[in-house]
Amino acid sequence: MSTKTQRYTTPQPCPHLSDYRAKHGLKGYRVLQKCLKFGPLGKTSIKREQNQIPKCSFCLKSHGRLFVCLICANVSCCGSPNSNHAHLHSRSEVGHEIAVDIERAELFCCVCCDQVYDPEFDMTVMFAQIMVLPKAINGGSEYSSKRRKIDYKQWVPNSRELLLMQRGSSPLGNSCFPWGLRGLNNLGNTCFMNSVLQALLHTPPLRNYFLSDRHNRKLCQKSSPSGLCLACDMDAIFSAVFSGDRKPYSPAKFLYSWWQHAANLASYEQQDAHEFFMSMLDGIHEREERDQRGPRTDGNGDCYCVAHRVFSGVLRSDVTCTVCGFTSTTYDPCVDISLDLDPYYGGSSMVTDKSLGKGSGTSTLIGCLDRFTRPEKLGSDQKFFCQNCQIRQESLKQMSIRRLPLVLCFHIKRFEHSSIRNMSKKVDRYLQFPFSLDMAPYLSSSIIRNRFGNRIFIFEGDEPDACSDSSSEFELFAVVTHTGKLEAGHYVTYLRLRNQWYKCDDAWITQVSERVVRASQGYMMYYVQKMFYYKASDDLSSLPEQNHRS
């Protein structure tokens, strides 16, 4: 975890702005706060009556850039150097050089004919935005983000590419199932393990890592006295599953190794699939770190083990003082994102579904993400110590994603525990989830831009998100579902291979339709970056047979 205090980069103001500040201070800025309007994407402008159209007081034009004087509120335009009525107003009225752009709420010097910068003005606008945030939290719709809808076409090989694939491939037989699709035997209430293993076996970056001998169990350093290694046993499962054998496989050796790593979970009782997933990644990380005789990290603290290289991302937490606007930022690594499934949350996470009955709603993954990244007002018992005020103040907390992983794992909180009743229960609520997901609206850069709109300053040392447009777009390839009650349920995984869905129910593999997947009760959803998804969508039967290890 790293913590950083933000400082502001202060541009030099123009001399006319300095004269205005010397005569009037912040009085004009504070008066302007009541006249600000904030759009859904953070755009700031000057309020006006619904039927009122601002016009230049000289030429009566309503188009182009219009400016309102900070002293007398006169409206004038600045269309071109030959038609600069804003400059004419500043010459006719002494001391009226500074105005505000009506559409963008930015300072403008009528003498210099250019936008000017004052951090105090930007802080004034930001403070007004912060004061509006609690209303946006309750209202819900004002700060909902607009998302792009992008259509993608699957790659279709041309005649030359088909010829190359035919020359370098060998037939797989008469099976209609894709290469690597194999059932896993239930060893006694181990459906939680089988469901997660099926998702990991078809995670493109993880599959590529093990099938390319990056961790060969025959060469692995056996440094522990027991000789147990989760990564080695995972490598054995990959070899068996991609060997071409279609008979169900029994991952008994892997189960035993996992029991040695997580002794508190070593039993034939039903376990939580998410807890198993986290424990397994932790076991692979610890083993690889021990084999290298030291931490495998770069200068930024990022781990080089395969578990973190595939699943690790970084979350950003901003806590803002509601009195002075000071913001403290914290960064935390994560291998999954846990989302609340709130049945009473109305906002954008709910959609009307008449088939569920009058007045009912259906939760959506997009709505859960909106709620996860929406500003939250901390309670009086969670007051934040403001370094600027030097006392504990009420504050707003907002989460965002600083860096996306190669594979996104969403964990839906379906199991709740009541400390008052001392009992746990399962939330049986339907969740809609998209097959294609754009994570750009939830990145830190997008969240900050929505929060502060067109404010011009930047935070020193704050780097842009390490994500391009393509790497923020994900495709769903696996869904782990849970049916039944909390104490007596069953896990099943749906896999998307070659754009066809398959149901993995322990040893049984069946082909299903998209409708069946959408109707399932999702517990864990796995999304991979689009570039990896398209590579994974290629028919693995085109790989030469001798490339598959036994």
# chains A, B, ... in the order shown; residues from 1 in each chain; ligands from 1
>>> residues_around(residues="range 59-61 of chain A", least_positions_apart="4", cutoff="12 Å", atoms="only C-alpha atoms", output="PDB file with N, CA and C atoms, in the first residue's frame")
ATOM      1  N   ILE A  53     -31.537  32.919 -23.095  1.00  0.00           N
ATOM      2  CA  ILE A  53     -30.416  32.679 -23.995  1.00  0.00           C
ATOM      3  C   ILE A  53     -29.439  33.842 -23.842  1.00  0.00           C
ATOM      4  N   PRO A  54     -28.213  33.605 -23.362  1.00  0.00           N
ATOM      5  CA  PRO A  54     -27.263  34.714 -23.206  1.00  0.00           C
ATOM      6  C   PRO A  54     -26.882  35.318 -24.552  1.00  0.00           C
ATOM      7  N   LYS A  55     -26.816  36.632 -24.590  1.00  0.00           N
ATOM      8  CA  LYS A  55     -26.466  37.358 -25.819  1.00  0.00           C
ATOM      9  C   LYS A  55     -25.433  38.417 -25.508  1.00  0.00           C
ATOM     10  N   ARG A  65     -18.243  32.082 -28.512  1.00  0.00           N
ATOM     11  CA  ARG A  65     -17.835  32.122 -27.112  1.00  0.00           C
ATOM     12  C   ARG A  65     -18.320  33.416 -26.460  1.00  0.00           C
ATOM     13  N   LEU A  66     -19.051  33.255 -25.369  1.00  0.00           N
ATOM     14  CA  LEU A  66     -19.574  34.395 -24.626  1.00  0.00           C
ATOM     15  C   LEU A  66     -18.955  34.411 -23.237  1.00  0.00           C
ATOM     16  N   VAL A  75     -22.347  40.655 -20.422  1.00  0.00           N
ATOM     17  CA  VAL A  75     -22.065  39.554 -21.336  1.00  0.00           C
ATOM     18  C   VAL A  75     -21.543  40.122 -22.651  1.00  0.00           C
ATOM     19  N   SER A  76     -20.415  39.622 -23.098  1.00  0.00           N
ATOM     20  CA  SER A  76     -19.821  40.086 -24.356  1.00  0.00           C
ATOM     21  C   SER A  76     -19.191  38.901 -25.060  1.00  0.00           C
ATOM     22  N   CYS A  77     -18.927  39.062 -26.356  1.00  0.00           N
ATOM     23  CA  CYS A  77     -18.408  37.962 -27.162  1.00  0.00           C
ATOM     24  C   CYS A  77     -16.966  38.214 -27.565  1.00  0.00           C
ATOM     25  N   CYS A  78     -16.344  37.147 -28.049  1.00  0.00           N
ATOM     26  CA  CYS A  78     -14.983  37.251 -28.567  1.00  0.00           C
ATOM     27  C   CYS A  78     -14.889  36.327 -29.768  1.00  0.00           C
ATOM     28  N   GLY A  79     -15.579  36.703 -30.852  1.00  0.00           N
ATOM     29  CA  GLY A  79     -15.648  35.849 -32.027  1.00  0.00           C
ATOM     30  C   GLY A  79     -14.383  35.830 -32.831  1.00  0.00           C
ATOM     31  N   SER A  83     -13.802  41.316 -34.156  1.00  0.00           N
ATOM     32  CA  SER A  83     -15.095  41.433 -33.484  1.00  0.00           C
ATOM     33  C   SER A  83     -14.930  40.968 -32.045  1.00  0.00           C
ATOM     34  N   ASN A  84     -14.134  41.698 -31.279  1.00  0.00           N
ATOM     35  CA  ASN A  84     -13.806  41.330 -29.903  1.00  0.00           C
ATOM     36  C   ASN A  84     -14.492  42.311 -28.959  1.00  0.00           C
ATOM     37  N   HIS A  85     -15.768  42.059 -28.665  1.00  0.00           N
ATOM     38  CA  HIS A  85     -16.518  42.958 -27.798  1.00  0.00           C
ATOM     39  C   HIS A  85     -16.127  42.809 -26.333  1.00  0.00           C
ATOM     40  N   ALA A  86     -15.553  41.629 -25.974  1.00  0.00           N
ATOM     41  CA  ALA A  86     -15.051  41.463 -24.613  1.00  0.00           C
ATOM     42  C   ALA A  86     -13.902  42.431 -24.359  1.00  0.00           C
ATOM     43  N   LEU A  88     -13.478  45.236 -26.013  1.00  0.00           N
ATOM     44  CA  LEU A  88     -14.081  46.568 -26.041  1.00  0.00           C
ATOM     45  C   LEU A  88     -14.685  46.924 -24.687  1.00  0.00           C
TER      46      LEU A  88
END
>>> residues_around(residues="Phe372 in chain A", least_positions_apart="6", cutoff="10 Å", atoms="only C-alpha atoms", output="mmCIF file with N, CA, C and O atoms, in the first residue's frame")
data_model
loop_
_atom_site.group_PDB
_atom_site.id
_atom_site.type_symbol
_atom_site.label_atom_id
_atom_site.label_comp_id
_atom_site.auth_asym_id
_atom_site.auth_seq_id
_atom_site.Cartn_x
_atom_site.Cartn_y
_atom_site.Cartn_z
ATOM 1 N N ILE A 337 -12.101 -8.080 -7.759
ATOM 2 C CA ILE A 337 -12.920 -6.957 -7.303
ATOM 3 C C ILE A 337 -14.220 -7.532 -6.761
ATOM 4 O O ILE A 337 -14.976 -8.177 -7.492
ATOM 5 N N SER A 338 -14.457 -7.326 -5.470
ATOM 6 C CA SER A 338 -15.679 -7.819 -4.826
ATOM 7 C C SER A 338 -16.746 -6.739 -4.887
ATOM 8 O O SER A 338 -16.502 -5.596 -4.481
ATOM 9 N N LEU A 339 -17.920 -7.098 -5.390
ATOM 10 C CA LEU A 339 -18.994 -6.138 -5.602
ATOM 11 C C LEU A 339 -20.213 -6.516 -4.768
ATOM 12 O O LEU A 339 -20.581 -7.691 -4.688
ATOM 13 N N ASP A 340 -20.821 -5.503 -4.156
ATOM 14 C CA ASP A 340 -22.038 -5.714 -3.376
ATOM 15 C C ASP A 340 -23.225 -5.929 -4.308
ATOM 16 O O ASP A 340 -23.365 -5.257 -5.323
ATOM 17 N N ILE A 366 -22.950 -3.655 -14.457
ATOM 18 C CA ILE A 366 -22.613 -2.258 -14.695
ATOM 19 C C ILE A 366 -23.064 -1.404 -13.510
ATOM 20 O O ILE A 366 -22.334 -0.513 -13.040
ATOM 21 N N GLN A 398 -13.997 7.805 -2.566
ATOM 22 C CA GLN A 398 -14.327 7.317 -3.902
ATOM 23 C C GLN A 398 -13.262 6.347 -4.366
ATOM 24 O O GLN A 398 -12.064 6.635 -4.304
ATOM 25 N N MET A 399 -13.708 5.178 -4.836
ATOM 26 C CA MET A 399 -12.812 4.153 -5.354
ATOM 27 C C MET A 399 -12.738 4.246 -6.877
ATOM 28 O O MET A 399 -13.703 4.644 -7.537
ATOM 29 N N SER A 400 -11.594 3.870 -7.421
ATOM 30 C CA SER A 400 -11.423 3.785 -8.871
ATOM 31 C C SER A 400 -10.323 2.764 -9.146
ATOM 32 O O SER A 400 -9.671 2.274 -8.219
ATOM 33 N N TYR A 442 -14.394 3.367 -15.406
ATOM 34 C CA TYR A 442 -14.076 3.111 -14.006
ATOM 35 C C TYR A 442 -12.591 3.280 -13.704
ATOM 36 O O TYR A 442 -12.158 3.039 -12.580
#
>>> residues_around(residues="Asp438 in chain A", least_positions_apart="5", cutoff="7 Å", atoms="only C-alpha atoms", output="ChimeraX atom specification")
/A:472-474
>>> write_last_selection(atoms="C-alpha atoms", output="mmCIF file, in the first residue's frame")
data_model
loop_
_atom_site.group_PDB
_atom_site.id
_atom_site.type_symbol
_atom_site.label_atom_id
_atom_site.label_comp_id
_atom_site.auth_asym_id
_atom_site.auth_seq_id
_atom_site.Cartn_x
_atom_site.Cartn_y
_atom_site.Cartn_z
ATOM 1 C CA SER A 472 -9.698 -1.402 -21.152
ATOM 2 C CA GLU A 473 -12.042 -3.564 -23.246
ATOM 3 C CA PHE A 474 -12.748 -7.062 -21.921
#
>>> residues_around(residues="range 110-114 of chain A", least_positions_apart="3", cutoff="8 Å", atoms="only C-alpha atoms", output="PDB file with all heavy atoms, in the first residue's frame")
ATOM      1  N   HIS A  16      -3.055  41.241 -15.428  1.00  0.00           N
ATOM      2  CA  HIS A  16      -4.406  41.760 -15.214  1.00  0.00           C
ATOM      3  C   HIS A  16      -5.147  40.923 -14.169  1.00  0.00           C
ATOM      4  O   HIS A  16      -5.920  41.471 -13.369  1.00  0.00           O
ATOM      5  CB  HIS A  16      -5.178  41.746 -16.543  1.00  0.00           C
ATOM      6  CG  HIS A  16      -4.442  42.441 -17.650  1.00  0.00           C
ATOM      7  ND1 HIS A  16      -3.736  41.747 -18.604  1.00  0.00           N
ATOM      8  CD2 HIS A  16      -4.286  43.756 -17.937  1.00  0.00           C
ATOM      9  CE1 HIS A  16      -3.189  42.591 -19.451  1.00  0.00           C
ATOM     10  NE2 HIS A  16      -3.494  43.841 -19.072  1.00  0.00           N
ATOM     11  N   ALA A  86     -15.553  41.629 -25.974  1.00  0.00           N
ATOM     12  CA  ALA A  86     -15.051  41.463 -24.613  1.00  0.00           C
ATOM     13  C   ALA A  86     -13.902  42.431 -24.359  1.00  0.00           C
ATOM     14  O   ALA A  86     -13.811  43.071 -23.297  1.00  0.00           O
ATOM     15  CB  ALA A  86     -14.599  40.017 -24.393  1.00  0.00           C
ATOM     16  N   HIS A  87     -13.025  42.575 -25.343  1.00  0.00           N
ATOM     17  CA  HIS A  87     -11.920  43.536 -25.223  1.00  0.00           C
ATOM     18  C   HIS A  87     -12.447  44.970 -25.204  1.00  0.00           C
ATOM     19  O   HIS A  87     -11.947  45.826 -24.461  1.00  0.00           O
ATOM     20  CB  HIS A  87     -10.944  43.336 -26.386  1.00  0.00           C
ATOM     21  CG  HIS A  87      -9.724  44.182 -26.275  1.00  0.00           C
ATOM     22  ND1 HIS A  87      -9.167  44.838 -27.365  1.00  0.00           N
ATOM     23  CD2 HIS A  87      -8.955  44.521 -25.209  1.00  0.00           C
ATOM     24  CE1 HIS A  87      -8.115  45.522 -26.968  1.00  0.00           C
ATOM     25  NE2 HIS A  87      -7.957  45.336 -25.658  1.00  0.00           N
ATOM     26  N   SER A  90     -13.635  45.804 -21.741  1.00  0.00           N
ATOM     27  CA  SER A  90     -12.553  46.057 -20.784  1.00  0.00           C
ATOM     28  C   SER A  90     -11.922  47.430 -20.995  1.00  0.00           C
ATOM     29  O   SER A  90     -11.429  48.045 -20.047  1.00  0.00           O
ATOM     30  CB  SER A  90     -11.486  44.962 -20.915  1.00  0.00           C
ATOM     31  OG  SER A  90     -10.851  45.025 -22.184  1.00  0.00           O
ATOM     32  N   GLU A  97     -11.240  43.752 -16.625  1.00  0.00           N
ATOM     33  CA  GLU A  97     -10.465  42.937 -17.571  1.00  0.00           C
ATOM     34  C   GLU A  97     -10.738  41.447 -17.468  1.00  0.00           C
ATOM     35  O   GLU A  97     -10.538  40.703 -18.425  1.00  0.00           O
ATOM     36  CB  GLU A  97      -8.954  43.171 -17.359  1.00  0.00           C
ATOM     37  CG  GLU A  97      -8.472  44.555 -17.726  1.00  0.00           C
ATOM     38  CD  GLU A  97      -8.627  45.515 -16.550  1.00  0.00           C
ATOM     39  OE1 GLU A  97      -9.074  45.067 -15.469  1.00  0.00           O
ATOM     40  OE2 GLU A  97      -8.305  46.697 -16.705  1.00  0.00           O
ATOM     41  N   ILE A  98     -11.191  40.955 -16.313  1.00  0.00           N
ATOM     42  CA  ILE A  98     -11.328  39.511 -16.086  1.00  0.00           C
ATOM     43  C   ILE A  98     -12.794  39.100 -16.218  1.00  0.00           C
ATOM     44  O   ILE A  98     -13.681  39.711 -15.615  1.00  0.00           O
ATOM     45  CB  ILE A  98     -10.792  39.107 -14.704  1.00  0.00           C
ATOM     46  CG1 ILE A  98      -9.341  39.575 -14.552  1.00  0.00           C
ATOM     47  CG2 ILE A  98     -10.881  37.601 -14.517  1.00  0.00           C
ATOM     48  CD1 ILE A  98      -8.396  39.010 -15.601  1.00  0.00           C
ATOM     49  N   ALA A  99     -13.021  38.047 -17.036  1.00  0.00           N
ATOM     50  CA  ALA A  99     -14.365  37.516 -17.252  1.00  0.00           C
ATOM     51  C   ALA A  99     -14.329  35.989 -17.131  1.00  0.00           C
ATOM     52  O   ALA A  99     -13.260  35.393 -16.944  1.00  0.00           O
ATOM     53  CB  ALA A  99     -14.900  37.936 -18.616  1.00  0.00           C
TER      54      ALA A  99
END
>>> closest_atom_pairs(of="range 18-59 of chain A", to="range 119-122 of chain A", cutoff="12 Å", atoms="only C-alpha atoms", output="JSON lines")
{"residue": "A:Arg21", "atom": "CA", "partner": "A:Glu120", "partner_atom": "CA", "distance": 10.2}
{"residue": "A:Gly25", "atom": "CA", "partner": "A:Glu120", "partner_atom": "CA", "distance": 10.0}
{"residue": "A:Leu26", "atom": "CA", "partner": "A:Glu120", "partner_atom": "CA", "distance": 7.9}
{"residue": "A:Lys27", "atom": "CA", "partner": "A:Phe121", "partner_atom": "CA", "distance": 10.7}
{"residue": "A:Gly28", "atom": "CA", "partner": "A:Phe121", "partner_atom": "CA", "distance": 9.6}
{"residue": "A:Tyr29", "atom": "CA", "partner": "A:Phe121", "partner_atom": "CA", "distance": 6.3}
{"residue": "A:Arg30", "atom": "CA", "partner": "A:Phe121", "partner_atom": "CA", "distance": 8.9}
{"residue": "A:Val31", "atom": "CA", "partner": "A:Phe121", "partner_atom": "CA", "distance": 11.5}
{"residue": "A:Leu32", "atom": "CA", "partner": "A:Phe121", "partner_atom": "CA", "distance": 9.7}
{"residue": "A:Gln33", "atom": "CA", "partner": "A:Phe121", "partner_atom": "CA", "distance": 9.7}
{"residue": "A:Thr44", "atom": "CA", "partner": "A:Asp122", "partner_atom": "CA", "distance": 10.9}
>>> write_last_selection(atoms="N, CA and C atoms", output="mmCIF file, in the first residue's frame")
data_model
loop_
_atom_site.group_PDB
_atom_site.id
_atom_site.type_symbol
_atom_site.label_atom_id
_atom_site.label_comp_id
_atom_site.auth_asym_id
_atom_site.auth_seq_id
_atom_site.Cartn_x
_atom_site.Cartn_y
_atom_site.Cartn_z
ATOM 1 N N ARG A 21 -6.989 40.248 -8.462
ATOM 2 C CA ARG A 21 -6.898 39.575 -7.171
ATOM 3 C C ARG A 21 -6.470 40.536 -6.074
ATOM 4 N N GLY A 25 -9.677 40.228 -4.284
ATOM 5 C CA GLY A 25 -9.461 38.964 -3.584
ATOM 6 C C GLY A 25 -10.287 37.833 -4.177
ATOM 7 N N LEU A 26 -10.934 37.050 -3.311
ATOM 8 C CA LEU A 26 -11.729 35.898 -3.750
ATOM 9 C C LEU A 26 -13.225 36.174 -3.734
ATOM 10 N N LYS A 27 -13.594 37.422 -3.529
ATOM 11 C CA LYS A 27 -15.015 37.758 -3.409
ATOM 12 C C LYS A 27 -15.802 37.362 -4.656
ATOM 13 N N GLY A 28 -15.270 37.714 -5.841
ATOM 14 C CA GLY A 28 -15.964 37.387 -7.081
ATOM 15 C C GLY A 28 -16.078 35.887 -7.305
ATOM 16 N N TYR A 29 -15.034 35.138 -6.906
ATOM 17 C CA TYR A 29 -15.064 33.681 -7.067
ATOM 18 C C TYR A 29 -16.172 33.070 -6.218
ATOM 19 N N ARG A 30 -16.291 33.552 -4.972
ATOM 20 C CA ARG A 30 -17.278 32.982 -4.060
ATOM 21 C C ARG A 30 -18.707 33.291 -4.511
ATOM 22 N N VAL A 31 -18.899 34.482 -5.051
ATOM 23 C CA VAL A 31 -20.223 34.823 -5.574
ATOM 24 C C VAL A 31 -20.555 33.925 -6.766
ATOM 25 N N LEU A 32 -19.535 33.623 -7.578
ATOM 26 C CA LEU A 32 -19.739 32.811 -8.770
ATOM 27 C C LEU A 32 -20.118 31.363 -8.422
ATOM 28 N N GLN A 33 -19.718 30.891 -7.228
ATOM 29 C CA GLN A 33 -20.021 29.514 -6.829
ATOM 30 C C GLN A 33 -21.508 29.200 -6.924
ATOM 31 N N THR A 44 -18.466 21.946 -16.401
ATOM 32 C CA THR A 44 -18.929 23.053 -15.576
ATOM 33 C C THR A 44 -19.290 24.231 -16.468
#
>>> closest_residue(among="A:Leu396, A:Leu406, A:Ile102, A:Ile71", to="Ser312 in chain A", atoms="only C-alpha atoms")
A:Leu406
>>> atom_distance(atom1="CA of Leu219 in chain A", atom2="CA of Tyr249 in chain A")
23.3 Å
>>> select_by_dssp(residues="range 12-58 of chain A", states="strand (DSSP E)", output="list in words")
Leu36, Lys37, Phe38, Thr44, Ser45 and Ile46 of chain A
>>> select_by_dssp(residues="range 15-95 of chain A", states="helix (DSSP H, G or I)", output="list in words")
Pro15, His16, Leu17, Ser18, Asp19, Tyr20, Arg21, Ala22, Lys23, His24, Lys27, Gly28, Tyr29, Arg30, Val31, Leu32, Gln33, His85, Ala86, His87, Leu88, His89, Ser90, Arg91 and Ser92 of chain A
>>> decode(residues="range 266-287 of chain A", atoms="N, CA, C and O atoms", output="CSV table (one decimal), in the first residue's frame")
chain,number,residue,atom,x,y,z
A,266,ALA,N,-8.7,-28.0,5.0
A,266,ALA,CA,-8.4,-29.4,4.6
A,266,ALA,C,-9.5,-30.3,5.1
A,266,ALA,O,-9.4,-30.8,6.3
A,267,SER,N,-10.6,-30.5,4.3
A,267,SER,CA,-11.6,-31.4,4.7
A,267,SER,C,-12.5,-31.7,3.5
A,267,SER,O,-12.3,-31.0,2.4
A,268,TYR,N,-13.4,-32.7,3.6
A,268,TYR,CA,-14.2,-33.0,2.4
A,268,TYR,C,-15.6,-32.2,2.6
A,268,TYR,O,-16.5,-32.6,1.9
A,269,GLU,N,-15.6,-31.2,3.3
A,269,GLU,CA,-16.8,-30.3,3.4
A,269,GLU,C,-16.8,-29.3,2.3
A,269,GLU,O,-15.7,-29.0,1.7
A,270,GLN,N,-18.0,-28.9,1.9
A,270,GLN,CA,-18.1,-27.8,0.9
A,270,GLN,C,-17.4,-26.6,1.3
A,270,GLN,O,-17.6,-26.1,2.4
A,271,GLN,N,-16.6,-26.0,0.4
A,271,GLN,CA,-15.9,-24.7,0.7
A,271,GLN,C,-16.3,-23.7,-0.3
A,271,GLN,O,-17.0,-23.9,-1.3
A,272,ASP,N,-15.9,-22.4,0.0
A,272,ASP,CA,-16.3,-21.3,-0.9
A,272,ASP,C,-15.4,-21.2,-2.1
A,272,ASP,O,-14.1,-21.2,-1.9
A,273,ALA,N,-15.9,-21.1,-3.3
A,273,ALA,CA,-15.1,-21.1,-4.5
A,273,ALA,C,-14.2,-19.9,-4.5
A,273,ALA,O,-13.0,-20.0,-4.9
A,274,HIS,N,-14.7,-18.7,-4.1
A,274,HIS,CA,-13.9,-17.5,-4.1
A,274,HIS,C,-12.7,-17.6,-3.1
A,274,HIS,O,-11.6,-17.2,-3.4
A,275,GLU,N,-13.0,-18.2,-1.9
A,275,GLU,CA,-11.9,-18.4,-0.9
A,275,GLU,C,-10.9,-19.4,-1.5
A,275,GLU,O,-9.7,-19.2,-1.3
A,276,PHE,N,-11.3,-20.4,-2.2
A,276,PHE,CA,-10.3,-21.3,-2.8
A,276,PHE,C,-9.5,-20.6,-3.9
A,276,PHE,O,-8.3,-20.8,-3.9
A,277,PHE,N,-10.1,-19.8,-4.7
A,277,PHE,CA,-9.4,-19.0,-5.7
A,277,PHE,C,-8.3,-18.2,-5.1
A,277,PHE,O,-7.2,-18.2,-5.6
A,278,MET,N,-8.7,-17.4,-4.1
A,278,MET,CA,-7.7,-16.5,-3.4
A,278,MET,C,-6.6,-17.3,-2.8
A,278,MET,O,-5.4,-17.0,-2.9
A,279,SER,N,-6.9,-18.4,-2.1
A,279,SER,CA,-5.9,-19.3,-1.5
A,279,SER,C,-5.0,-19.9,-2.5
A,279,SER,O,-3.8,-20.0,-2.2
A,280,MET,N,-5.5,-20.3,-3.6
A,280,MET,CA,-4.7,-21.0,-4.6
A,280,MET,C,-3.7,-20.0,-5.2
A,280,MET,O,-2.5,-20.3,-5.4
A,281,LEU,N,-4.1,-18.8,-5.6
A,281,LEU,CA,-3.2,-17.8,-6.1
A,281,LEU,C,-2.1,-17.5,-5.1
A,281,LEU,O,-1.0,-17.3,-5.4
A,282,ASP,N,-2.5,-17.4,-3.8
A,282,ASP,CA,-1.5,-17.1,-2.8
A,282,ASP,C,-0.5,-18.2,-2.7
A,282,ASP,O,0.7,-18.0,-2.5
A,283,GLY,N,-1.0,-19.5,-2.8
A,283,GLY,CA,0.0,-20.6,-2.8
A,283,GLY,C,0.9,-20.6,-3.9
A,283,GLY,O,2.1,-20.9,-3.8
A,284,ILE,N,0.5,-20.3,-5.1
A,284,ILE,CA,1.4,-20.3,-6.3
A,284,ILE,C,2.4,-19.1,-6.1
A,284,ILE,O,3.6,-19.3,-6.4
A,285,HIS,N,1.9,-18.0,-5.6
A,285,HIS,CA,2.8,-16.8,-5.4
A,285,HIS,C,3.9,-17.2,-4.4
A,285,HIS,O,5.1,-16.9,-4.6
A,286,GLU,N,3.5,-17.8,-3.3
A,286,GLU,CA,4.5,-18.1,-2.2
A,286,GLU,C,5.5,-19.1,-2.7
A,286,GLU,O,6.7,-19.0,-2.4
A,287,ARG,N,5.1,-20.1,-3.5
A,287,ARG,CA,6.0,-21.1,-4.0
A,287,ARG,C,7.0,-20.5,-5.0
A,287,ARG,O,8.2,-20.7,-4.9
